[in-house]
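Here the structure is laid out as structure tokens; the discussion comes afterwards.
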Amino acid sequence: MTLGAPDAPPAPVAECDLLPLSALQHFVYCERQAALIHVEQVWLENVWTVEGSHLHEKVISGEAESRRDVRVARDVPIRSRALGVTGRADVVEFHRLPDGDSAGAMIKGWPGCWRPHPVEYKRGRPKRHRADDVQLCAQAICFEEMLGVPVPDGSLFYGMTRHREAVVLHPDLRSMTEAAARRFREMFESRRTPPAVYERCKCEGCSLLEICRPRVPDRRVDRYLASILETSSRRSGP
């Protein structure tokens, strides 16, 4: 393998071309789901999506909190031109750093330096895949870009377990997040929806199952109907 100069970082995306940050979670979970929602503009509700919406509404409707060394903001608008995404963070805790530690943001009216700690709320329980982690990491990258301070960690709160999971934003997770943002943009700009692949653990809980139809052998409608007609014709005979 020939080693050359490292690839140049992608150019920042214009504000008008930013894509939804939440799409990264959809993309890592299922690329076809992300395309159906964000390219084809398809959306259906089921019990899980409704419960998730209610949880988020409850969270962001709460009042801002202020304690001595922690201040809590809700429904915070965020964006990253490096990732090319924009969205809103459910909850952000700002932790005051010890005196003398300047690795935080100076915020008008708040004494000292403060480090943001994003907290994303999910209705279910911790999962085997890393889609939730990527969404959280993207939020942290947004704060790093907007405030110019490091955000080393965040938290995921799961409604079913009522437990907060700490997430350390290691380099591998950051690389995964950057790759997801890049690949999702490529898919979005190509306007192509990937073919369906049935995975029971993912598909059976998806609100788009009936539209996606991952167990239909050929997802192109014209070919699918033609195959049905051909089979019917063989059975009926001459």
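Each chain of the structure tokens is named A, B, ... in the order shown, its residues numbered from 1; ligands are numbered from 1 in display order.
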May I have the residues within 6 Å of A:Ala131 as a list in words, using only C-alpha atoms and disregarding those fewer than 2 positions away in the same chain?
Gln25, Val28, Tyr29, His129, Asp133 and Val134 of chain A
Residue set, stretch 69-203 of chain A restricted to strand (DSSP E or B), as a ChimeraX atom specification
/A:70-80,85-96,105,114-122,153-158,163-168
Written file, previous selection with N, CA and C atoms, as a compact mmCIF listing (two decimals), in the first residue's frame:
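Result written to out.txt:
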# COMPACT_ATOMS: atom_id res chain seq x y z
N VAL A 70 -24.37 23.42 38.00
CA VAL A 70 -24.99 22.82 36.83
C VAL A 70 -26.18 23.67 36.40
N ARG A 71 -26.24 24.01 35.14
CA ARG A 71 -27.39 24.72 34.59
C ARG A 71 -27.92 23.91 33.41
N VAL A 72 -29.25 23.82 33.33
CA VAL A 72 -29.89 22.95 32.35
C VAL A 72 -30.69 23.77 31.35
N ALA A 73 -30.43 23.56 30.06
CA ALA A 73 -31.19 24.19 28.98
C ALA A 73 -31.91 23.10 28.19
N ARG A 74 -33.07 23.44 27.63
CA ARG A 74 -33.87 22.45 26.91
C ARG A 74 -34.18 22.93 25.49
N ASP A 75 -34.33 21.96 24.60
CA ASP A 75 -34.72 22.22 23.21
C ASP A 75 -33.80 23.27 22.60
N VAL A 76 -32.52 22.99 22.61
CA VAL A 76 -31.50 23.95 22.20
C VAL A 76 -31.19 23.78 20.70
N PRO A 77 -31.31 24.84 19.89
CA PRO A 77 -30.95 24.73 18.47
C PRO A 77 -29.45 24.58 18.29
N ILE A 78 -29.03 23.64 17.45
CA ILE A 78 -27.61 23.37 17.25
C ILE A 78 -27.35 23.14 15.76
N ARG A 79 -26.10 23.28 15.35
CA ARG A 79 -25.72 22.97 13.98
C ARG A 79 -24.22 22.78 13.89
N SER A 80 -23.80 22.03 12.88
CA SER A 80 -22.39 21.84 12.58
C SER A 80 -22.22 21.91 11.07
N VAL A 85 -25.01 19.24 9.41
CA VAL A 85 -26.29 18.91 10.02
C VAL A 85 -26.78 20.03 10.92
N THR A 86 -28.09 20.02 11.16
CA THR A 86 -28.70 20.97 12.08
C THR A 86 -29.83 20.26 12.81
N GLY A 87 -30.17 20.74 13.99
CA GLY A 87 -31.24 20.11 14.76
C GLY A 87 -31.44 20.80 16.08
N ARG A 88 -32.01 20.07 17.03
CA ARG A 88 -32.24 20.60 18.36
C ARG A 88 -31.85 19.53 19.38
N ALA A 89 -31.18 19.95 20.43
CA ALA A 89 -30.79 19.03 21.50
C ALA A 89 -31.88 19.02 22.57
N ASP A 90 -32.29 17.81 22.98
CA ASP A 90 -33.34 17.69 24.00
C ASP A 90 -32.98 18.48 25.26
N VAL A 91 -31.86 18.10 25.84
CA VAL A 91 -31.41 18.71 27.09
C VAL A 91 -29.89 18.88 27.03
N VAL A 92 -29.43 20.02 27.50
CA VAL A 92 -27.99 20.25 27.61
C VAL A 92 -27.70 20.72 29.03
N GLU A 93 -26.86 19.98 29.71
CA GLU A 93 -26.39 20.40 31.03
C GLU A 93 -25.07 21.15 30.85
N PHE A 94 -24.97 22.32 31.44
CA PHE A 94 -23.72 23.06 31.44
C PHE A 94 -23.09 22.91 32.82
N HIS A 95 -21.93 22.25 32.86
CA HIS A 95 -21.24 21.99 34.11
C HIS A 95 -20.14 23.03 34.31
N ARG A 96 -20.15 23.66 35.47
CA ARG A 96 -19.12 24.65 35.75
C ARG A 96 -17.81 23.95 36.07
N ALA A 105 -16.57 27.08 28.07
CA ALA A 105 -17.09 28.26 27.40
C ALA A 105 -17.38 29.36 28.42
N TRP A 114 -17.82 26.99 31.56
CA TRP A 114 -18.85 25.95 31.57
C TRP A 114 -18.65 24.99 30.41
N ARG A 115 -18.83 23.71 30.69
CA ARG A 115 -18.69 22.69 29.65
C ARG A 115 -20.05 22.06 29.36
N PRO A 116 -20.49 22.05 28.08
CA PRO A 116 -21.78 21.44 27.76
C PRO A 116 -21.73 19.92 27.82
N HIS A 117 -22.83 19.34 28.28
CA HIS A 117 -22.97 17.89 28.38
C HIS A 117 -24.35 17.54 27.81
N PRO A 118 -24.43 17.12 26.53
CA PRO A 118 -25.74 16.82 25.94
C PRO A 118 -26.36 15.55 26.53
N VAL A 119 -27.68 15.59 26.70
CA VAL A 119 -28.44 14.44 27.19
C VAL A 119 -29.58 14.19 26.22
N GLU A 120 -29.54 13.04 25.54
CA GLU A 120 -30.59 12.68 24.57
C GLU A 120 -31.54 11.68 25.21
N TYR A 121 -32.84 11.91 25.05
CA TYR A 121 -33.87 11.05 25.64
C TYR A 121 -34.42 10.09 24.59
N LYS A 122 -34.50 8.80 24.95
CA LYS A 122 -35.05 7.76 24.09
C LYS A 122 -36.12 6.98 24.86
N ASP A 153 -17.95 13.97 26.61
CA ASP A 153 -18.94 12.94 26.92
C ASP A 153 -20.35 13.51 26.88
N GLY A 154 -21.31 12.60 26.95
CA GLY A 154 -22.72 12.95 26.99
C GLY A 154 -23.46 11.81 27.65
N SER A 155 -24.80 11.86 27.61
CA SER A 155 -25.60 10.81 28.24
C SER A 155 -26.82 10.48 27.39
N LEU A 156 -27.24 9.22 27.47
CA LEU A 156 -28.49 8.76 26.87
C LEU A 156 -29.42 8.33 28.00
N PHE A 157 -30.62 8.90 28.03
CA PHE A 157 -31.60 8.52 29.05
C PHE A 157 -32.69 7.70 28.37
N TYR A 158 -32.93 6.47 28.88
CA TYR A 158 -33.91 5.58 28.29
C TYR A 158 -35.17 5.51 29.15
N HIS A 163 -33.15 5.02 33.23
CA HIS A 163 -31.75 5.03 33.63
C HIS A 163 -30.93 5.81 32.62
N ARG A 164 -29.95 6.54 33.10
CA ARG A 164 -29.07 7.32 32.25
C ARG A 164 -27.78 6.54 31.98
N GLU A 165 -27.45 6.45 30.68
CA GLU A 165 -26.23 5.77 30.26
C GLU A 165 -25.18 6.81 29.86
N ALA A 166 -24.02 6.78 30.52
CA ALA A 166 -22.94 7.69 30.16
C ALA A 166 -22.27 7.21 28.87
N VAL A 167 -21.97 8.14 27.98
CA VAL A 167 -21.32 7.80 26.71
C VAL A 167 -20.06 8.66 26.57
N VAL A 168 -18.91 7.98 26.54
CA VAL A 168 -17.65 8.68 26.30
C VAL A 168 -17.46 8.78 24.79
Test item: residues at most 12 Å from A:Pro171, only C-alpha atoms, excluding those fewer than 4 positions along its chain, as a VMD selection string
chain A and resid 134 137 141 152 to 153 175 to 178
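Ranking A:Cys16, A:Leu36, A:Leu24, A:Val149 by their shortest atom-to-atom distance to A:Arg191, with only C-alpha atoms included, puts A:Leu36 first.
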So which residues of stretch 12-200 of chain A fall under alpha helix (DSSP H) by DSSP, listed as JSON, numbers by chain?
{"A": [22, 23, 24, 25, 26, 27, 28, 29, 31, 32, 33, 34, 35, 36, 37, 38, 47, 48, 49, 50, 51, 52, 53, 54, 55, 56, 57, 58, 59, 60, 131, 132, 133, 134, 135, 136, 137, 138, 139, 140, 141, 142, 143, 144, 145, 146, 147, 171, 172, 173, 174, 175, 176, 177, 178, 179, 180, 181, 182, 183, 184, 185, 186, 187, 188, 189, 190, 200]}
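The nearest approach to A:Leu18 among the residues A:Lys127, A:Arg192, A:Arg81, A:Arg68, with only C-alpha atoms taken into account, belongs to A:Arg81.
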